[in-house]
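**Student:** Take a look at the following structure, please.
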Number of protein chains: 2
Amino acid sequence: MGIENTKSPPDQTKERLLKTAESLFATKGYYAVSVREITQAAECNLAAVNYHFGNKQNLYLAVFRHCFIPRGKKIHRCFTNAMAPLDSPSTADIIKALAGAFLEGPITEKERFHHSQLISREMAAPTAAFNILMEQAFRPLFNDLLNYLRTALPEIKNEEMMLLNIFSIFSMILHFSFARPLISSITGQNYDKDFKTKLINHITDFALHGLYGRRGFNAPRTQGPE
Amino acid sequence: MGIENTKSPPDQTKERLLKTAESLFATKGYYAVSVREITQAAECNLAAVNYHFGNKQNLYLAVFRHCFIPRGKKIHRCFTNAMAPLDSPSTADIIKALAGAFLEGPITEKERFHHSQLISREMAAPTAAFNILMEQAFRPLFNDLLNYLRTALPEIKNEEMMLLNIFSIFSMILHFSFARPLISSITGQNYDKDFKTKLINHITDFALHGLYGRRGFNAPRTQGPE
DNA sequence: GTCTATAGCAGGATAGAC
DNA sequence: GTCTATCCTGCTATAGAC
């Protein structure tokens, strides 16, 4: 009597569904995943998806709203936190902070994988989630980045050139994040902590100096000098 | 009598199926496309897919073998043709030739779209087509590029650093090719001939000098000097 | 809020006429 | 080589018991 709801696990199922759905949608894509597969993996009933989210599409959108966006904000915060203590951040500081936030930020490897997969899927074939992603995750970060870079590089007056620069930086970060199968297959490298540090240094160096400029003040020396 | 096969349109249907299938697979992804949709768009019978290719999966693989790979070879040839007349190509020559081959190469805009979509889909979730793509398209081009760069940049002895450089260049080219919706949405630019020339110059400049190095000897001057 | 059962339909694939 | 007709599986979604 009166103990109808113990309140301890209020909507555990809903949470579990979101996590499971994100993992499957990210790995295999929306159409390749069935509601059956999700509910089985989440160890709940087939009808649970419809009960909690209405239908499959809403579950997909909920994944973005409740998993992707918060994680994007975490990454964003990681970036701004790295920038905050710096007085007049150099271009190197900015790029390093950005690459660091994405590649070593405060999320698990699995989450990082989900994040980049979902982004690349939405870029290849935008759905209703694309707008959520753009407005609530990409654009805010993009604007912050733009402001930092404008301060650090006041000589670049051409707005368009600045945008292209930012896209180039993003392209490297995204690519090293989501082309893992390809990169691992060619380099034979695992994405361990060491390799990721190398990547961040490489991205910073490349973005600062390109192929030419004397390299190595940031790059780890993997071979003895000379 | 004796005119059993006029030979004029021998397997028109098969060709049409391949073209249509590539377009749909590239745009929407394998699972999002049904055989019914393909055959309707190709204006042929539902059973044609199974007759000509056995099943849906084989059709997908056939798209790679008969559409993607030949196009990849065209792009590759475009790159090597641009390199051939050069005596001792500089890094700038190499990058410009590569970016040019991908972004302005001898294929239609639609084909370029299909190409980058299929690549990014296979990178996000590799299927049996991934190996075809890697072995018959990516690796050969990658090796040529590696050799050219080794000659142009003999001072980079660290093999791993060289690989990371190549991936960075590819990342930009791919990104500017397949993130069109995002880039157009932010810059407001159409991918017309003019913008693409700008992109190639930007990629070359960025890969050569990064954000810093004095810019503009390659970049078009869209604003008056000063 | 969770479950079973099932409606209703779209999917891939095949058999067999032409 | 092309078509129609059809099988059957697996899908989303819902109704209704608990």
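So you can find residues: chains in the structure tokens are A, B, ... in the order shown, residues in each start at 1, and ligands are numbered from 1 in order.
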With the cut-off set at 10 Å and counting only C-alpha atoms (C1' of nucleotides), tabulate each residue of region 25-136 of chain B with an atom at most that distance from an atom of region 5-18 of chain C, showing the nearest atom pair and its distance in Å to one decimal, ordered by chain and increasing number, as a Markdown table.
**Tutor:**
| residue | atom | partner | partner_atom | distance |
| --- | --- | --- | --- | --- |
| B:Ser34 | CA | C:DG11 | C1' | 7.3 |
| B:Val35 | CA | C:DG12 | C1' | 7.7 |
| B:Arg36 | CA | C:DG11 | C1' | 8.8 |
| B:Ala47 | CA | C:DA13 | C1' | 8.7 |
| B:Asn50 | CA | C:DA13 | C1' | 7.6 |
| B:Gly54 | CA | C:DA13 | C1' | 9.3 |
| B:Asn55 | CA | C:DA13 | C1' | 7.8 |
| B:Lys56 | CA | C:DG12 | C1' | 7.9 |
**Student:** Next, dump the selected residues to file, keeping only C-alpha atoms, as a PDB file, in the first residue's frame.
**Tutor:**
ATOM      1  CA  SER B  34      15.398  -1.073 -51.526  1.00  0.00           C
ATOM      2  CA  VAL B  35      15.738  -3.195 -54.629  1.00  0.00           C
ATOM      3  CA  ARG B  36      12.266  -2.046 -55.563  1.00  0.00           C
ATOM      4  CA  ALA B  47      13.551  -9.335 -60.881  1.00  0.00           C
ATOM      5  CA  ASN B  50      18.502 -10.854 -59.051  1.00  0.00           C
ATOM      6  CA  GLY B  54      22.280 -12.531 -57.977  1.00  0.00           C
ATOM      7  CA  ASN B  55      21.268 -10.376 -55.052  1.00  0.00           C
ATOM      8  CA  LYS B  56      21.331  -6.885 -53.607  1.00  0.00           C
TER       9      LYS B  56
END
**Student:** Within 10 Å of chain C, which residues of chain A are there when counting only C-alpha atoms (C1' of nucleotides)? Please give them as an mmCIF file with C-alpha atoms, in the first residue's frame.
**Tutor:**
data_model
loop_
_atom_site.group_PDB
_atom_site.id
_atom_site.type_symbol
_atom_site.label_atom_id
_atom_site.label_comp_id
_atom_site.auth_asym_id
_atom_site.auth_seq_id
_atom_site.Cartn_x
_atom_site.Cartn_y
_atom_site.Cartn_z
ATOM 1 C CA PRO A 10 12.799 5.487 -12.257
ATOM 2 C CA ASP A 11 13.494 5.165 -15.923
ATOM 3 C CA THR A 13 14.985 1.380 -19.267
ATOM 4 C CA CYS A 44 14.099 -4.795 -22.604
ATOM 5 C CA ASN A 45 10.844 -5.372 -24.365
ATOM 6 C CA LEU A 46 10.192 -4.682 -28.023
ATOM 7 C CA ALA A 47 7.383 -2.312 -27.168
ATOM 8 C CA ALA A 48 9.565 -0.190 -24.914
ATOM 9 C CA TYR A 51 6.274 3.482 -25.217
ATOM 10 C CA HIS A 52 9.173 5.755 -24.285
#
**Student:** Using only C-alpha atoms, I'd like a table of the residues in chain B that come within 6 Å of chain A; for each, show the closest atom pair and its distance in Å rounded to one decimal, ordered by chain and ascending number, as a tab-separated table.
**Tutor:**
residue	atom	partner	partner_atom	distance
B:Tyr31	CA	A:Tyr31	CA	5.4
B:Ala32	CA	A:Tyr31	CA	5.5
B:Met123	CA	A:Ala179	CA	5.9
B:Ser168	CA	A:Met172	CA	5.8
B:Ser171	CA	A:Met172	CA	5.6
B:Met172	CA	A:Ser171	CA	5.6
B:His175	CA	A:Ser171	CA	5.7
B:Ala179	CA	A:Met123	CA	5.9
B:Ala207	CA	A:Gly210	CA	4.6
B:Leu208	CA	A:Gly210	CA	4.6
B:His209	CA	A:Gly210	CA	4.2
B:Gly210	CA	A:Gly210	CA	4.1
B:Leu211	CA	A:Leu208	CA	5.1
B:Tyr212	CA	A:Leu208	CA	5.8
**Student:** At a cut-off of 10 Å, list the chain D residues touching chain A, using only C-alpha atoms (C1' of nucleotides), as a JSON list (two decimals) with C-alpha atoms (C1' of nucleotides), in the first residue's frame.
**Tutor:**
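Below is the file iface-v3.json, written as the result:
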[["chain", "number", "residue", "atom", "x", "y", "z"],
["D", 10, "DG", "C1'", 11.45, -9.35, -40.75],
["D", 11, "DC", "C1'", 10.03, -4.78, -39.93],
["D", 12, "DT", "C1'", 7.36, -0.94, -37.31],
["D", 13, "DA", "C1'", 3.72, -0.07, -34.66],
["D", 14, "DT", "C1'", -0.32, -0.93, -31.70]]
**Student:** Quick one: residues within 7 Å of region 57-66 of chain A, only C-alpha atoms (C1' of nucleotides), excluding same-chain residues fewer than 2 positions away - as a PyMOL selection string?
**Tutor:** chain A and resi 18+22+53-55+68-70+129
**Student:** When you count only C-alpha atoms, which of these residues is closest to Thr108 (chain B): B:Gln12, B:Ala42, B:Ile75, B:Val49?
**Tutor:**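 Smallest distance to Thr108 (chain B) is found for B:Ile75.
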**Student:** Could you work out how far CA of Lys193 (chain B) lies from CA of Ala82 (chain B), giving the answer in Å with one decimal?
**Tutor:**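 If I compute the distance from CA of Ala82 (chain B) to CA of Lys193 (chain B), I get 18.9 Å.
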**Student:** Looking only at the backbone, which of the residues in region 16-206 of chain B does DSSP tag as helix (DSSP H, G or I), as a ChimeraX atom specification?
**Tutor:** /B:16-28,35-41,48-53,56-83,91-104,109-124,129-152,159-178,180-187,193-206
**Student:** Print the selection's residues with C-alpha atoms to a file, as a short mmCIF file (atom, residue, chain, number, x, y, z; two decimals), in the first residue's frame.
**Tutor:**
data_model
loop_
_atom_site.label_atom_id
_atom_site.label_comp_id
_atom_site.auth_asym_id
_atom_site.auth_seq_id
_atom_site.Cartn_x
_atom_site.Cartn_y
_atom_site.Cartn_z
CA ARG B 16 21.30 1.31 -66.18
CA LEU B 17 20.97 -0.68 -62.99
CA LEU B 18 24.59 0.00 -62.05
CA LYS B 19 24.29 3.74 -62.60
CA THR B 20 21.00 4.01 -60.77
CA ALA B 21 22.15 1.82 -57.92
CA GLU B 22 25.32 3.82 -57.44
CA SER B 23 23.41 7.04 -57.27
CA LEU B 24 20.94 5.72 -54.72
CA PHE B 25 23.50 3.86 -52.60
CA ALA B 26 25.75 6.90 -52.53
CA THR B 27 22.97 9.30 -51.62
CA LYS B 28 21.02 7.25 -49.11
CA VAL B 35 15.74 -3.20 -54.63
CA ARG B 36 12.27 -2.05 -55.56
CA GLU B 37 13.37 1.57 -55.46
CA ILE B 38 16.39 0.84 -57.63
CA THR B 39 14.52 -1.08 -60.28
CA GLN B 40 11.76 1.50 -60.44
CA ALA B 41 14.27 4.32 -60.86
CA ALA B 48 16.31 -7.76 -62.97
CA VAL B 49 18.59 -7.21 -60.00
CA ASN B 50 18.50 -10.85 -59.05
CA TYR B 51 18.87 -11.96 -62.65
CA HIS B 52 21.90 -9.80 -63.40
CA PHE B 53 23.65 -9.69 -60.04
CA LYS B 56 21.33 -6.88 -53.61
CA GLN B 57 24.74 -7.21 -51.99
CA ASN B 58 26.38 -8.27 -55.23
CA LEU B 59 24.86 -5.29 -56.95
CA TYR B 60 26.48 -3.09 -54.33
CA LEU B 61 29.84 -4.73 -54.89
CA ALA B 62 29.39 -4.49 -58.66
CA VAL B 63 28.87 -0.75 -58.26
CA PHE B 64 32.31 -0.55 -56.72
CA ARG B 65 33.95 -2.79 -59.27
CA HIS B 66 32.35 -1.26 -62.35
CA CYS B 67 31.69 2.35 -61.39
CA PHE B 68 33.83 3.35 -58.45
CA ILE B 69 37.14 1.72 -59.32
CA PRO B 70 37.28 2.90 -62.96
CA ARG B 71 36.51 6.40 -61.77
CA GLY B 72 39.19 6.12 -59.11
CA LYS B 73 41.64 5.10 -61.82
CA LYS B 74 40.62 8.10 -63.90
CA ILE B 75 41.34 10.39 -60.97
CA HIS B 76 44.61 8.62 -60.34
CA ARG B 77 45.59 9.00 -64.01
CA CYS B 78 44.62 12.65 -63.90
CA PHE B 79 47.04 13.06 -61.02
CA THR B 80 49.93 11.21 -62.66
CA ASN B 81 49.30 12.99 -65.97
CA ALA B 82 49.62 16.30 -64.21
CA MET B 83 52.87 15.13 -62.64
CA THR B 91 55.66 19.82 -52.93
CA ALA B 92 53.34 22.50 -54.18
CA ASP B 93 53.10 20.78 -57.56
CA ILE B 94 52.25 17.50 -55.94
CA ILE B 95 49.54 18.81 -53.67
CA LYS B 96 48.03 20.98 -56.34
CA ALA B 97 47.92 18.07 -58.76
CA LEU B 98 46.30 15.85 -56.16
CA ALA B 99 43.70 18.35 -55.06
CA GLY B 100 43.02 19.24 -58.68
CA ALA B 101 42.53 15.63 -59.66
CA PHE B 102 39.96 15.15 -56.92
CA LEU B 103 38.12 18.45 -57.07
CA GLU B 104 38.31 19.32 -60.77
CA GLU B 109 29.98 16.86 -60.46
CA LYS B 110 27.50 14.09 -59.85
CA GLU B 111 30.20 11.46 -60.13
CA ARG B 112 32.38 13.40 -57.75
CA PHE B 113 29.52 13.45 -55.29
CA HIS B 114 28.95 9.72 -55.60
CA HIS B 115 32.64 9.06 -55.18
CA SER B 116 33.08 10.95 -51.96
CA GLN B 117 29.83 9.68 -50.51
CA LEU B 118 30.76 6.07 -51.14
CA ILE B 119 34.20 6.59 -49.64
CA SER B 120 32.88 8.19 -46.51
CA ARG B 121 30.22 5.54 -46.08
CA GLU B 122 32.79 2.79 -46.33
CA MET B 123 35.02 4.57 -43.86
CA ALA B 124 32.21 4.93 -41.36
CA ALA B 129 33.64 -3.17 -50.62
CA PHE B 130 36.19 -1.60 -48.28
CA ASN B 131 38.93 -3.98 -49.38
CA ILE B 132 38.21 -3.37 -53.05
CA LEU B 133 38.40 0.34 -52.41
CA MET B 134 41.61 0.11 -50.44
CA GLU B 135 43.54 -2.29 -52.63
CA GLN B 136 42.45 -1.12 -56.06
CA ALA B 137 42.00 2.59 -55.55
CA PHE B 138 43.46 4.02 -52.39
CA ARG B 139 46.69 2.11 -51.93
CA PRO B 140 48.04 2.57 -55.49
CA LEU B 141 47.39 6.31 -55.37
CA PHE B 142 48.78 6.49 -51.85
CA ASN B 143 52.00 4.79 -52.93
CA ASP B 144 52.52 7.06 -55.92
CA LEU B 145 51.93 10.05 -53.73
CA LEU B 146 54.33 8.73 -51.14
CA ASN B 147 57.08 8.33 -53.72
CA TYR B 148 56.60 11.80 -55.12
CA LEU B 149 56.66 13.33 -51.66
CA ARG B 150 59.72 11.39 -50.61
CA THR B 151 61.58 12.83 -53.57
CA ALA B 152 60.33 16.34 -52.93
CA GLU B 159 58.27 7.40 -42.21
CA GLU B 160 55.45 7.83 -39.73
CA MET B 161 55.59 11.59 -40.00
CA MET B 162 55.33 11.26 -43.76
CA LEU B 163 52.23 9.08 -43.46
CA LEU B 164 50.58 11.55 -41.11
CA ASN B 165 51.31 14.32 -43.58
CA ILE B 166 49.65 12.40 -46.38
CA PHE B 167 46.61 11.65 -44.28
CA SER B 168 46.31 15.31 -43.42
CA ILE B 169 46.32 16.28 -47.08
CA PHE B 170 43.77 13.62 -47.90
CA SER B 171 41.63 14.67 -44.99
CA MET B 172 41.33 18.18 -46.36
CA ILE B 173 40.57 17.05 -49.87
CA LEU B 174 37.99 14.52 -48.76
CA HIS B 175 36.45 16.88 -46.29
CA PHE B 176 35.99 19.68 -48.78
CA SER B 177 34.49 17.15 -51.09
CA PHE B 178 32.07 15.37 -48.82
CA ARG B 180 29.62 20.14 -48.86
CA PRO B 181 26.28 20.53 -47.12
CA LEU B 182 27.99 21.80 -43.98
CA ILE B 183 30.44 24.06 -45.77
CA SER B 184 27.83 25.51 -48.07
CA SER B 185 25.54 26.06 -45.10
CA ILE B 186 28.18 28.04 -43.22
CA THR B 187 29.93 29.92 -46.00
CA LYS B 193 34.14 26.62 -60.68
CA ASP B 194 35.34 29.73 -58.95
CA PHE B 195 34.90 28.44 -55.43
CA LYS B 196 36.59 25.17 -56.33
CA THR B 197 39.64 26.99 -57.65
CA LYS B 198 39.75 28.87 -54.38
CA LEU B 199 39.53 25.59 -52.50
CA ILE B 200 42.41 24.05 -54.42
CA ASN B 201 44.55 27.08 -53.80
CA HIS B 202 43.59 27.09 -50.17
CA ILE B 203 44.40 23.41 -49.74
CA THR B 204 47.75 23.87 -51.44
CA ASP B 205 48.61 26.91 -49.35
CA PHE B 206 47.46 25.37 -46.12
#
**Student:** How many Å separate CA of Pro85 (chain B) from CA of Gly105 (chain B)?
**Tutor:**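 Rounded to one decimal, the two atoms are 17.2 Å apart.
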